[in-house]
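Trainee: Structure: my_file28.tsv, TSV, C-alpha atoms and all ligand atoms.
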chain	number	residue	atom	x	y	z
A	1	MET	CA	-46.44	-101.63	-257.75
A	2	ARG	CA	-43.65	-102.19	-255.33
A	3	LEU	CA	-41.27	-102.89	-258.15
A	4	ARG	CA	-42.25	-99.74	-259.91
A	5	MET	CA	-41.71	-97.70	-256.78
A	6	LEU	CA	-38.31	-99.24	-256.38
A	7	SER	CA	-37.32	-98.59	-259.94
A	8	GLY	CA	-38.62	-95.08	-259.47
A	9	LEU	CA	-36.36	-94.64	-256.49
A	10	GLY	CA	-33.53	-96.10	-258.48
A	11	ALA	CA	-34.04	-93.52	-261.17
A	12	LEU	CA	-34.11	-90.75	-258.58
A	13	THR	CA	-30.91	-92.01	-257.00
A	14	ALA	CA	-29.28	-92.20	-260.37
A	15	ALA	CA	-30.37	-88.67	-261.12
A	16	ALA	CA	-29.04	-87.52	-257.73
A	17	ILE	CA	-25.68	-89.11	-258.49
A	18	LEU	CA	-25.59	-87.61	-261.92
A	19	THR	CA	-26.25	-84.06	-260.71
A	20	GLY	CA	-23.96	-84.58	-257.74
A	21	CYS	CA	-26.57	-83.57	-255.17
A	22	ASP	CA	-30.03	-84.58	-254.06
A	23	SER	CA	-31.85	-81.99	-256.09
A	24	GLN	CA	-34.04	-82.76	-259.09
A	25	PRO	CA	-32.60	-82.68	-262.58
A	26	ASP	CA	-32.41	-79.18	-264.05
A	27	THR	CA	-34.86	-79.89	-266.86
A	28	THR	CA	-37.64	-80.76	-264.37
A	29	LYS	CA	-36.90	-77.64	-262.35
A	30	LEU	CA	-37.04	-75.49	-265.44
A	31	ALA	CA	-40.36	-76.98	-266.53
A	32	GLU	CA	-41.84	-76.43	-263.07
A	33	THR	CA	-40.52	-72.88	-262.95
A	34	LYS	CA	-42.21	-72.18	-266.26
A	35	VAL	CA	-45.51	-73.63	-265.04
A	36	ASP	CA	-45.20	-71.65	-261.80
A	37	ALA	CA	-44.41	-68.46	-263.67
A	38	ALA	CA	-47.36	-68.94	-266.00
A	39	ALA	CA	-49.69	-69.62	-263.07
A	40	LYS	CA	-48.35	-66.62	-261.18
A	41	LEU	CA	-48.75	-64.40	-264.23
A	42	LYS	CA	-52.33	-65.57	-264.64
A	43	ALA	CA	-53.07	-64.93	-260.95
A	44	THR	CA	-51.45	-61.50	-261.09
A	45	LYS	CA	-53.44	-60.60	-264.19
A	46	ALA	CA	-56.66	-61.80	-262.57
A	47	ALA	CA	-55.88	-59.65	-259.50
A	48	LYS	CA	-55.17	-56.65	-261.75
A	49	VAL	CA	-58.40	-57.15	-263.66
A	50	LYS	CA	-60.34	-57.39	-260.39
A	51	LYS	CA	-58.76	-54.20	-259.07
A	52	ALA	CA	-59.36	-52.35	-262.33
A	53	ALA	CA	-63.02	-53.38	-262.28
A	54	GLN	CA	-63.39	-52.37	-258.61
A	55	VAL	CA	-62.28	-48.80	-259.26
A	56	ARG	CA	-63.99	-48.74	-262.69
A	57	ALA	CA	-60.70	-47.88	-264.35
A	58	ASN	CA	-61.04	-46.19	-267.71
A	59	GLU	CA	-57.65	-45.43	-269.15
A	60	LEU	CA	-59.13	-44.65	-272.54
A	61	GLY	CA	-61.16	-41.83	-271.00
A	62	GLN	CA	-60.66	-38.09	-271.38
A	63	ILE	CA	-58.18	-35.93	-269.48
A	64	PRO	CA	-58.76	-32.25	-268.69
A	65	VAL	CA	-55.70	-30.18	-269.59
A	66	LEU	CA	-56.35	-26.85	-267.88
A	67	MET	CA	-54.89	-23.66	-269.28
A	68	PHE	CA	-53.98	-20.82	-266.93
A	69	HIS	CA	-52.37	-17.49	-267.70
A	70	ARG	CA	-51.84	-14.82	-265.05
A	71	ILE	CA	-52.76	-15.23	-261.37
A	72	VAL	CA	-53.41	-11.62	-260.32
A	73	PRO	CA	-55.42	-9.97	-257.49
A	74	LYS	CA	-57.56	-8.01	-259.95
A	75	PRO	CA	-58.24	-10.11	-263.06
A	76	GLN	CA	-58.32	-7.84	-266.11
A	77	THR	CA	-59.01	-10.27	-268.92
A	78	THR	CA	-60.95	-13.52	-269.09
A	79	ASP	CA	-57.60	-15.31	-269.12
A	80	ASP	CA	-56.69	-14.09	-265.61
A	81	ARG	CA	-57.53	-15.83	-262.33
A	82	SER	CA	-57.24	-14.24	-258.89
A	83	PRO	CA	-55.21	-16.15	-256.25
A	84	GLN	CA	-58.52	-16.99	-254.50
A	85	GLN	CA	-60.08	-18.29	-257.72
A	86	PHE	CA	-56.98	-20.29	-258.54
A	87	LYS	CA	-56.90	-21.83	-255.06
A	88	ALA	CA	-60.59	-22.71	-255.33
A	89	ASP	CA	-59.94	-24.26	-258.77
A	90	LEU	CA	-57.25	-26.50	-257.26
A	91	GLU	CA	-59.34	-27.41	-254.22
A	92	ARG	CA	-62.16	-28.52	-256.45
A	93	LEU	CA	-59.72	-30.79	-258.30
A	94	VAL	CA	-58.62	-32.29	-254.96
A	95	ARG	CA	-62.25	-32.86	-253.89
A	96	GLU	CA	-63.11	-34.53	-257.19
A	97	ASP	CA	-60.14	-36.92	-257.03
A	98	TYR	CA	-57.97	-35.34	-259.70
A	99	VAL	CA	-54.20	-35.69	-259.32
A	100	PRO	CA	-51.86	-33.52	-261.43
A	101	ILE	CA	-49.47	-35.02	-263.94
A	102	THR	CA	-47.27	-32.97	-266.28
A	103	ALA	CA	-47.98	-32.59	-269.99
A	104	ALA	CA	-44.73	-34.49	-270.65
A	105	GLU	CA	-45.96	-37.43	-268.56
A	106	MET	CA	-49.29	-37.39	-270.35
A	107	VAL	CA	-47.82	-37.48	-273.86
A	108	ALA	CA	-45.33	-40.19	-272.83
A	109	GLY	CA	-48.21	-42.29	-271.45
A	110	LYS	CA	-46.57	-42.29	-268.00
A	111	ILE	CA	-49.70	-41.74	-265.97
A	112	ASP	CA	-48.66	-42.88	-262.52
A	113	ILE	CA	-51.46	-41.95	-260.11
A	114	PRO	CA	-53.35	-43.98	-257.48
A	115	ALA	CA	-56.18	-46.35	-258.42
A	116	GLY	CA	-59.54	-44.63	-258.79
A	117	LYS	CA	-58.00	-41.15	-259.31
A	118	HIS	CA	-58.22	-39.01	-262.44
A	119	PRO	CA	-55.27	-37.23	-264.06
A	120	VAL	CA	-55.37	-33.49	-264.67
A	121	VAL	CA	-52.71	-31.41	-266.41
A	122	LEU	CA	-52.17	-27.88	-265.12
A	123	THR	CA	-50.58	-25.68	-267.76
A	124	PHE	CA	-49.41	-22.08	-267.41
A	125	ASP	CA	-48.75	-19.97	-270.49
A	126	ASP	CA	-46.58	-16.94	-271.19
A	127	SER	CA	-44.08	-17.23	-268.26
A	128	SER	CA	-45.61	-14.40	-266.22
A	129	PRO	CA	-44.07	-13.33	-262.87
A	130	SER	CA	-47.49	-13.96	-261.31
A	131	GLN	CA	-46.86	-17.66	-261.89
A	132	LEU	CA	-43.34	-17.75	-260.48
A	133	THR	CA	-41.45	-15.17	-258.44
A	134	LEU	CA	-38.95	-16.11	-255.76
A	135	ASN	CA	-38.25	-13.98	-252.67
A	136	GLN	CA	-34.77	-13.22	-251.34
A	137	MET	CA	-34.72	-16.58	-249.59
A	138	GLY	CA	-35.33	-18.32	-252.93
A	139	GLU	CA	-38.86	-19.32	-251.83
A	140	PRO	CA	-41.95	-18.76	-253.98
A	141	GLN	CA	-43.59	-15.42	-253.24
A	142	LYS	CA	-47.06	-15.61	-251.66
A	143	ASP	CA	-50.00	-15.74	-254.09
A	144	THR	CA	-47.94	-16.81	-257.08
A	145	ALA	CA	-49.22	-19.91	-258.90
A	146	VAL	CA	-46.38	-22.10	-257.61
A	147	ALA	CA	-46.90	-20.92	-253.99
A	148	ILE	CA	-50.64	-21.65	-254.14
A	149	MET	CA	-50.02	-25.09	-255.66
A	150	LYS	CA	-47.63	-25.88	-252.81
A	151	GLU	CA	-50.12	-24.65	-250.17
A	152	VAL	CA	-52.82	-26.91	-251.57
A	153	ALA	CA	-50.41	-29.86	-251.78
A	154	ASP	CA	-49.27	-29.33	-248.17
A	155	ALA	CA	-52.89	-29.39	-246.99
A	156	HIS	CA	-53.70	-32.55	-248.97
A	157	PRO	CA	-51.05	-35.27	-248.72
A	158	GLY	CA	-50.76	-37.27	-251.94
A	159	TRP	CA	-51.71	-34.29	-254.08
A	160	LYS	CA	-48.64	-33.14	-256.00
A	161	PRO	CA	-47.80	-29.56	-257.00
A	162	LYS	CA	-46.99	-30.36	-260.61
A	163	GLY	CA	-47.41	-27.82	-263.39
A	164	THR	CA	-46.27	-27.37	-266.95
A	165	PHE	CA	-44.94	-23.90	-267.64
A	166	TYR	CA	-44.96	-22.78	-271.27
A	167	VAL	CA	-42.13	-20.31	-271.52
A	168	THR	CA	-41.52	-17.44	-273.96
A	169	ARG	CA	-38.58	-15.04	-273.96
A	170	ASP	CA	-40.46	-13.12	-271.23
A	171	MET	CA	-38.95	-15.61	-268.74
A	172	PHE	CA	-41.08	-14.65	-265.73
A	173	GLY	CA	-40.07	-11.01	-266.15
A	174	LYS	CA	-36.34	-11.70	-265.75
A	175	THR	CA	-33.84	-10.14	-268.14
A	176	VAL	CA	-30.56	-11.10	-266.45
A	177	ARG	CA	-29.25	-14.47	-267.55
A	178	GLU	CA	-28.49	-15.74	-264.01
A	179	GLU	CA	-31.99	-14.82	-262.85
A	180	GLN	CA	-33.58	-16.51	-265.85
A	181	ALA	CA	-31.56	-19.64	-265.08
A	182	GLN	CA	-32.66	-19.48	-261.43
A	183	MET	CA	-36.34	-19.45	-262.49
A	184	LEU	CA	-36.04	-22.41	-264.86
A	185	LEU	CA	-33.85	-24.44	-262.51
A	186	TRP	CA	-36.32	-23.83	-259.66
A	187	LEU	CA	-39.13	-25.25	-261.80
A	188	LYS	CA	-37.03	-28.24	-262.80
A	189	ASP	CA	-35.87	-28.95	-259.22
A	190	ASN	CA	-39.41	-28.75	-257.86
A	191	GLY	CA	-41.09	-31.30	-260.10
A	192	HIS	CA	-42.56	-28.91	-262.65
A	193	GLU	CA	-42.15	-29.17	-266.41
A	194	ILE	CA	-40.64	-26.49	-268.64
A	195	GLY	CA	-42.39	-26.36	-272.02
A	196	ASN	CA	-41.91	-24.39	-275.23
A	197	HIS	CA	-44.29	-21.50	-276.05
A	198	THR	CA	-42.11	-20.00	-278.85
A	199	SER	CA	-39.76	-17.07	-278.47
A	200	ASP	CA	-41.93	-14.11	-279.44
A	201	HIS	CA	-45.45	-15.51	-279.07
A	202	LEU	CA	-46.31	-14.96	-282.73
A	203	ASN	CA	-49.26	-16.58	-284.44
A	204	LEU	CA	-47.59	-19.43	-286.36
A	205	ARG	CA	-50.44	-19.93	-288.81
A	206	GLY	CA	-49.46	-18.80	-292.31
A	207	ARG	CA	-45.76	-18.37	-291.50
A	208	SER	CA	-42.94	-19.96	-293.48
A	209	HIS	CA	-41.31	-23.17	-292.34
A	210	LYS	CA	-38.14	-21.21	-291.52
A	211	GLU	CA	-39.98	-18.66	-289.39
A	212	VAL	CA	-41.75	-21.43	-287.47
A	213	GLU	CA	-38.48	-23.28	-286.85
A	214	ASP	CA	-36.74	-20.07	-285.77
A	215	GLN	CA	-39.47	-19.15	-283.30
A	216	ILE	CA	-39.58	-22.56	-281.67
A	217	GLY	CA	-35.87	-23.37	-281.98
A	218	LYS	CA	-34.68	-20.06	-280.52
A	219	ILE	CA	-36.48	-20.49	-277.18
A	220	ALA	CA	-35.64	-24.24	-277.12
A	221	ALA	CA	-31.93	-23.38	-277.35
A	222	GLN	CA	-32.29	-20.70	-274.68
A	223	ILE	CA	-34.12	-23.03	-272.27
A	224	ASN	CA	-31.48	-25.70	-272.84
A	225	ALA	CA	-28.59	-23.28	-272.31
A	226	LEU	CA	-30.11	-21.97	-269.06
A	227	SER	CA	-31.42	-25.18	-267.50
A	228	TYR	CA	-30.02	-28.18	-269.43
A	229	THR	CA	-33.58	-29.10	-270.34
A	230	LYS	CA	-34.98	-30.03	-273.74
A	231	PRO	CA	-38.74	-29.42	-273.65
A	232	THR	CA	-40.77	-32.37	-274.92
A	233	THR	CA	-44.04	-30.45	-275.26
A	234	ILE	CA	-45.08	-27.15	-276.83
A	235	ALA	CA	-48.14	-24.93	-276.39
A	236	LEU	CA	-48.93	-23.14	-279.64
A	237	PRO	CA	-49.54	-19.38	-279.24
A	238	TYR	CA	-53.28	-18.67	-279.65
A	239	GLY	CA	-53.68	-22.43	-280.16
A	240	ASN	CA	-52.85	-22.01	-283.84
A	241	GLN	CA	-50.98	-24.76	-285.66
A	242	PRO	CA	-48.47	-23.84	-288.39
A	243	ASN	CA	-49.40	-24.65	-292.01
A	244	LYS	CA	-47.93	-28.10	-291.55
A	245	LYS	CA	-48.62	-29.28	-288.02
A	246	ASP	CA	-45.44	-31.34	-287.97
A	247	TRP	CA	-43.34	-28.15	-288.14
A	248	ALA	CA	-44.22	-27.57	-284.48
A	249	MET	CA	-43.25	-31.11	-283.53
A	250	ARG	CA	-39.82	-31.50	-285.09
A	251	GLY	CA	-37.08	-29.08	-286.08
A	252	LYS	CA	-33.30	-28.84	-285.99
A	253	LEU	CA	-33.31	-27.75	-282.36
A	254	TYR	CA	-36.39	-29.50	-281.01
A	255	ASN	CA	-38.23	-32.78	-280.98
A	256	HIS	CA	-41.63	-32.64	-279.28
A	257	GLN	CA	-43.86	-35.51	-278.22
A	258	GLY	CA	-46.92	-33.30	-277.97
A	259	ALA	CA	-48.28	-29.94	-279.19
A	260	PHE	CA	-51.10	-28.34	-277.21
A	261	LEU	CA	-53.86	-26.10	-278.54
A	262	ALA	CA	-55.88	-23.44	-276.69
A	263	GLY	CA	-59.42	-24.87	-276.68
A	264	TYR	CA	-62.07	-26.15	-276.02
A	265	THR	CA	-62.56	-29.75	-274.87
A	266	PRO	CA	-60.97	-32.32	-272.57
A	267	ALA	CA	-58.17	-34.26	-274.28
A	268	PRO	CA	-58.31	-37.88	-275.43
A	269	ALA	CA	-56.10	-40.27	-273.46
A	270	PRO	CA	-52.76	-40.94	-275.16
A	271	PHE	CA	-53.82	-44.61	-275.46
A	272	SER	CA	-56.99	-43.74	-277.34
A	273	LYS	CA	-57.45	-43.83	-281.12
A	274	SER	CA	-58.75	-40.28	-281.13
A	275	TYR	CA	-55.49	-38.93	-279.67
A	276	ASP	CA	-53.44	-36.69	-281.98
A	277	ALA	CA	-50.07	-35.75	-280.45
A	278	ALA	CA	-49.73	-32.76	-282.81
A	279	GLY	CA	-53.00	-31.14	-281.66
A	280	ILE	CA	-53.99	-31.82	-278.05
A	281	PRO	CA	-56.92	-29.70	-276.84
A	282	ARG	CA	-56.85	-27.74	-273.60
A	283	ILE	CA	-59.53	-26.04	-271.51
A	284	LYS	CA	-59.40	-22.48	-270.33
A	285	ALA	CA	-59.74	-22.21	-266.54
A	286	MET	CA	-62.86	-20.12	-265.96
A	287	ASP	CA	-66.29	-20.05	-264.31
A	288	LYS	CA	-69.47	-20.93	-266.19
A	289	LYS	CA	-70.37	-17.53	-267.56
A	290	GLY	CA	-70.45	-15.65	-270.88
A	291	ASP	CA	-68.32	-17.42	-273.48
A	292	CYS	CA	-67.40	-19.92	-270.80
A	293	ALA	CA	-70.92	-21.19	-270.13
A	294	GLN	CA	-70.09	-24.46	-271.90
A	295	PHE	CA	-66.48	-24.76	-272.95
A	296	CYS	CA	-64.27	-23.73	-270.01
A	297	SER	CA	-63.06	-25.57	-266.93
A	298	HIS	CA	-66.06	-25.25	-264.59
A	299	ALA	CA	-68.48	-26.46	-267.25
A	300	TRP	CA	-66.24	-29.32	-268.38
A	301	LEU	CA	-65.51	-30.50	-264.83
A	302	ASP	CA	-69.28	-30.60	-264.23
A	303	TRP	CA	-69.67	-32.63	-267.42
A	304	LEU	CA	-66.89	-35.09	-266.58
A	305	LYS	CA	-68.39	-35.60	-263.13
A	306	LYS	CA	-71.76	-36.39	-264.69
A	307	ASN	CA	-70.22	-38.68	-267.32
A	308	PRO	CA	-67.76	-40.91	-265.46
A	309	ASP	CA	-67.65	-43.37	-268.38
A	310	MET	CA	-66.10	-40.61	-270.51
A	311	ARG	CA	-63.48	-39.64	-267.92
A	312	TYR	CA	-60.00	-41.12	-267.44
A	313	THR	CA	-59.83	-43.15	-264.23
A	314	SER	CA	-56.58	-44.88	-263.28
A	315	ASP	CA	-56.20	-48.50	-262.18
A	316	GLY	CA	-53.12	-47.47	-260.19
A	317	ASP	CA	-50.70	-49.39	-262.42
A	318	PRO	CA	-48.81	-47.22	-264.92
A	319	ARG	CA	-47.74	-50.31	-266.90
A	320	THR	CA	-51.25	-51.29	-267.99
A	321	VAL	CA	-54.02	-49.64	-269.97
A	322	ALA	CA	-57.20	-50.77	-268.18
A	323	TYR	CA	-60.71	-50.22	-269.55
A	324	PRO	CA	-64.14	-51.84	-269.66
A	325	LYS	CA	-64.29	-54.43	-272.48
A	326	TYR	CA	-66.85	-52.53	-274.51
A	327	LYS	CA	-64.33	-49.68	-274.97
A	328	ALA	CA	-61.87	-51.99	-276.78
A	329	PRO	CA	-62.51	-50.46	-280.24
A	330	TYR	CA	-61.06	-47.16	-278.95
A	331	LEU	CA	-57.66	-48.63	-278.00
A	332	ARG	CA	-54.73	-47.54	-280.18
A	333	LYS	CA	-53.07	-50.62	-281.66
A	334	SER	CA	-49.61	-49.66	-280.38
A	335	PHE	CA	-50.84	-50.18	-276.80
A	336	THR	CA	-52.29	-53.66	-277.31
A	337	THR	CA	-49.58	-55.35	-275.23
A	338	TRP	CA	-50.33	-53.02	-272.28
A	339	SER	CA	-54.07	-53.52	-272.45
A	340	LEU	CA	-56.12	-54.80	-269.53
A	341	PRO	CA	-59.76	-55.08	-270.54
A	342	TYR	CA	-62.24	-56.15	-267.84
A	401	ZN	ZN	-49.68	-17.65	-274.80
Would you mind writing the file's structure down as structure tokens?

Mentor:
Amino acid sequence: MRLRMLSGLGALTAAAILTGCDSQPDTTKLAETKVDAAAKLKATKAAKVKKAAQVRANELGQIPVLMFHRIVPKPQTTDDRSPQQFKADLERLVREDYVPITAAEMVAGKIDIPAGKHPVVLTFDDSSPSQLTLNQMGEPQKDTAVAIMKEVADAHPGWKPKGTFYVTRDMFGKTVREEQAQMLLWLKDNGHEIGNHTSDHLNLRGRSHKEVEDQIGKIAAQINALSYTKPTTIALPYGNQPNKKDWAMRGKLYNHQGAFLAGYTPAPAPFSKSYDAAGIPRIKAMDKKGDCAQFCSHAWLDWLKKNPDMRYTSDGDPRTVAYPKYKAPYLRKSFTTWSLPY
């Protein structure tokens, strides 16, 4: 025993001499570091799983992508919301733990919201001045969509005023190039997304490949020239896909990661097998009445609240896709390395 200890010491001394200091040989250190790292990784994963289970994370659940048009004092069509209605829509989202992300973030799978919260995408079509008008000070005019979003965000820390604005050549009613640039740059500088809604808002169904490319490419080039932005998402006018849905995704002047439709259900999570980037459904923002009794925002938000296992709930870590184990068959294969079943 004693002899062994001594020879052990001898070996240590020899090692110390060899490495020129009293530290352990590098190979031992490396092995221990690897063991440590593996243990740490395991502990971190266990902690992540525990947290995901605590908040009942479901990152394969559905995401409401709400579709707004004009925000006007006297709504004239069923697409319009009054400023009061719009504010109430947003306040309900705050109350029910929804946090806005942009459409671009959704399609890129960058859903970075706190644990236990649900993502919502707020989209605005047709670039109407009621969505964005700036006063002489360069501040959003009262009762525009962007002003109301900011009011709600100011009253509820942690809630972000993030919208996706699908722009046509109408450009928020501006015809002068400098003013058009000011609108787009304001959106970009204030955390909103600029999306493509085609130049002339034509129905793309049944049109030639060239016509489709011209309509989408023309506004893409204009947006890029004015604001140095290349939109990564498009909203199809009337929700209609062109004859080949890929025509809306890729063209000489554009390369989209997602194309959005106009109806009528919440959207699958981008990590889910049922997700189709070329046809992502949206929900019209409207009360439960008439045509909207079942398939517009109030009805769907009621449904998602009643069916929490169908709704996207974040685990707070954008680098993982967390979900209850029994949902595993719904995971898209490409996200296997991110997956965190619990
Ligand atoms: Zn439109």

Trainee: Could you please determine the separation between CA of Gly116 in chain A and CA of Ser314 in chain A in Å, to one decimal place?

Mentor: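 Result for CA of Gly116 in chain A versus CA of Ser314 in chain A: 5.4 Å, one decimal.
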
Trainee: Considering only C-alpha atoms and all ligand atoms, give me a table of residues in chain A that are at most 10 Å from ligand ZN 401 (chain A), with the closest atom pair and distance in Å for each, as a tab-separated table.

Mentor:
residue	atom	partner	partner_atom	distance
A:Met67	CA	A:ZN401	ZN	9.7
A:Phe68	CA	A:ZN401	ZN	9.5
A:His69	CA	A:ZN401	ZN	7.6
A:Phe124	CA	A:ZN401	ZN	8.6
A:Asp125	CA	A:ZN401	ZN	5.0
A:Asp126	CA	A:ZN401	ZN	4.8
A:Ser127	CA	A:ZN401	ZN	8.6
A:Tyr166	CA	A:ZN401	ZN	7.8
A:Val167	CA	A:ZN401	ZN	8.7
A:Thr168	CA	A:ZN401	ZN	8.2
A:His197	CA	A:ZN401	ZN	6.7
A:Thr198	CA	A:ZN401	ZN	8.9
A:Asp200	CA	A:ZN401	ZN	9.7
A:His201	CA	A:ZN401	ZN	6.4
A:Leu202	CA	A:ZN401	ZN	9.0
A:Asn203	CA	A:ZN401	ZN	9.7
A:Ala235	CA	A:ZN401	ZN	7.6
A:Leu236	CA	A:ZN401	ZN	7.4
A:Pro237	CA	A:ZN401	ZN	4.8
A:Tyr238	CA	A:ZN401	ZN	6.1
A:Gly239	CA	A:ZN401	ZN	8.2
A:Ala262	CA	A:ZN401	ZN	8.7

Trainee: Which of these, A:Cys296, A:Leu187, A:Gly61, A:Tyr254, has the shortest distance to Pro140 in chain A once you count all atoms listed in the file?

Mentor: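 Using all atoms listed in the file, the shortest distance to Pro140 in chain A belongs to A:Leu187.
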
Trainee: Env of Met171 in chain A: 10 Å cut, atoms = only C-alpha atoms, seq-sep filter 2 positions within chain, self excluded. Answer as a list of chain:residue names.

Mentor: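 Non-adjacent residues within range: A:Asp126, A:Ser127, A:Ser128, A:Pro129, A:Leu132, A:Tyr166, A:Val167, A:Thr168, A:Arg169, A:Gly173, A:Lys174, A:Thr175, A:Val176, A:Arg177, A:Glu179, A:Gln180, A:Ala181, A:Met183, A:Leu184, A:Ser199, A:Ile223.
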
Trainee: What's around Thr123 in chain A at 12 Å? Count all atoms listed in the file, leave out sequence neighbours fewer than 4 positions away in its own chain, and write the answer as JSON, numbers by chain.

Mentor: {"A": [64, 65, 66, 67, 68, 69, 70, 100, 101, 102, 103, 104, 127, 131, 145, 146, 161, 162, 163, 164, 165, 166, 167, 192, 193, 194, 195, 196, 197, 233, 234, 235, 260, 261, 262, 281, 282, 283, 284, 285]}

Trainee: At what distance in Å, to one decimal, does CA of Met310 in chain A lie from CA of Lys50 in chain A?

Mentor: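 Between these atoms lies a distance of 20.4 Å.
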
Trainee: Rounded to one decimal in Å, what is the spacing between CA of Asp309 in chain A and CA of Glu59 in chain A?

Mentor: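 According to the coordinates, CA of Asp309 in chain A and CA of Glu59 in chain A are separated by 10.2 Å.
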
Trainee: With only C-alpha atoms as the basis for distance, which of A:Arg205, A:Arg92, A:Lys74, A:Lys51 is at the shortest distance from Ala115 in chain A?

Mentor: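 Closest residue, counting only C-alpha atoms: A:Lys51.
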
Trainee: Given only C-alpha atoms as the basis, pick out the residue of A:Trp338, A:Tyr330, A:Trp247, A:Tyr323 nearest to Val55 in chain A.

Mentor: A:Tyr323

Trainee: Give the answer as one residue: which of A:Lys210, A:Lys142, A:Lys288, A:Lys333 has the shortest atom-to-atom distance to Val321 in chain A, using all atoms listed in the file?

Mentor: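 Checking each of A:Lys210, A:Lys142, A:Lys288, A:Lys333 against Val321 in chain A, counting all atoms listed in the file, the winner is A:Lys333.
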
Trainee: Find, counting all atoms listed in the file, the residue in A:Val152, A:Ala47, A:Ala39, A:Leu331 that gets nearest to Ser274 in chain A.

Mentor: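 Among A:Val152, A:Ala47, A:Ala39, A:Leu331, it is A:Leu331 that comes nearest to Ser274 in chain A.
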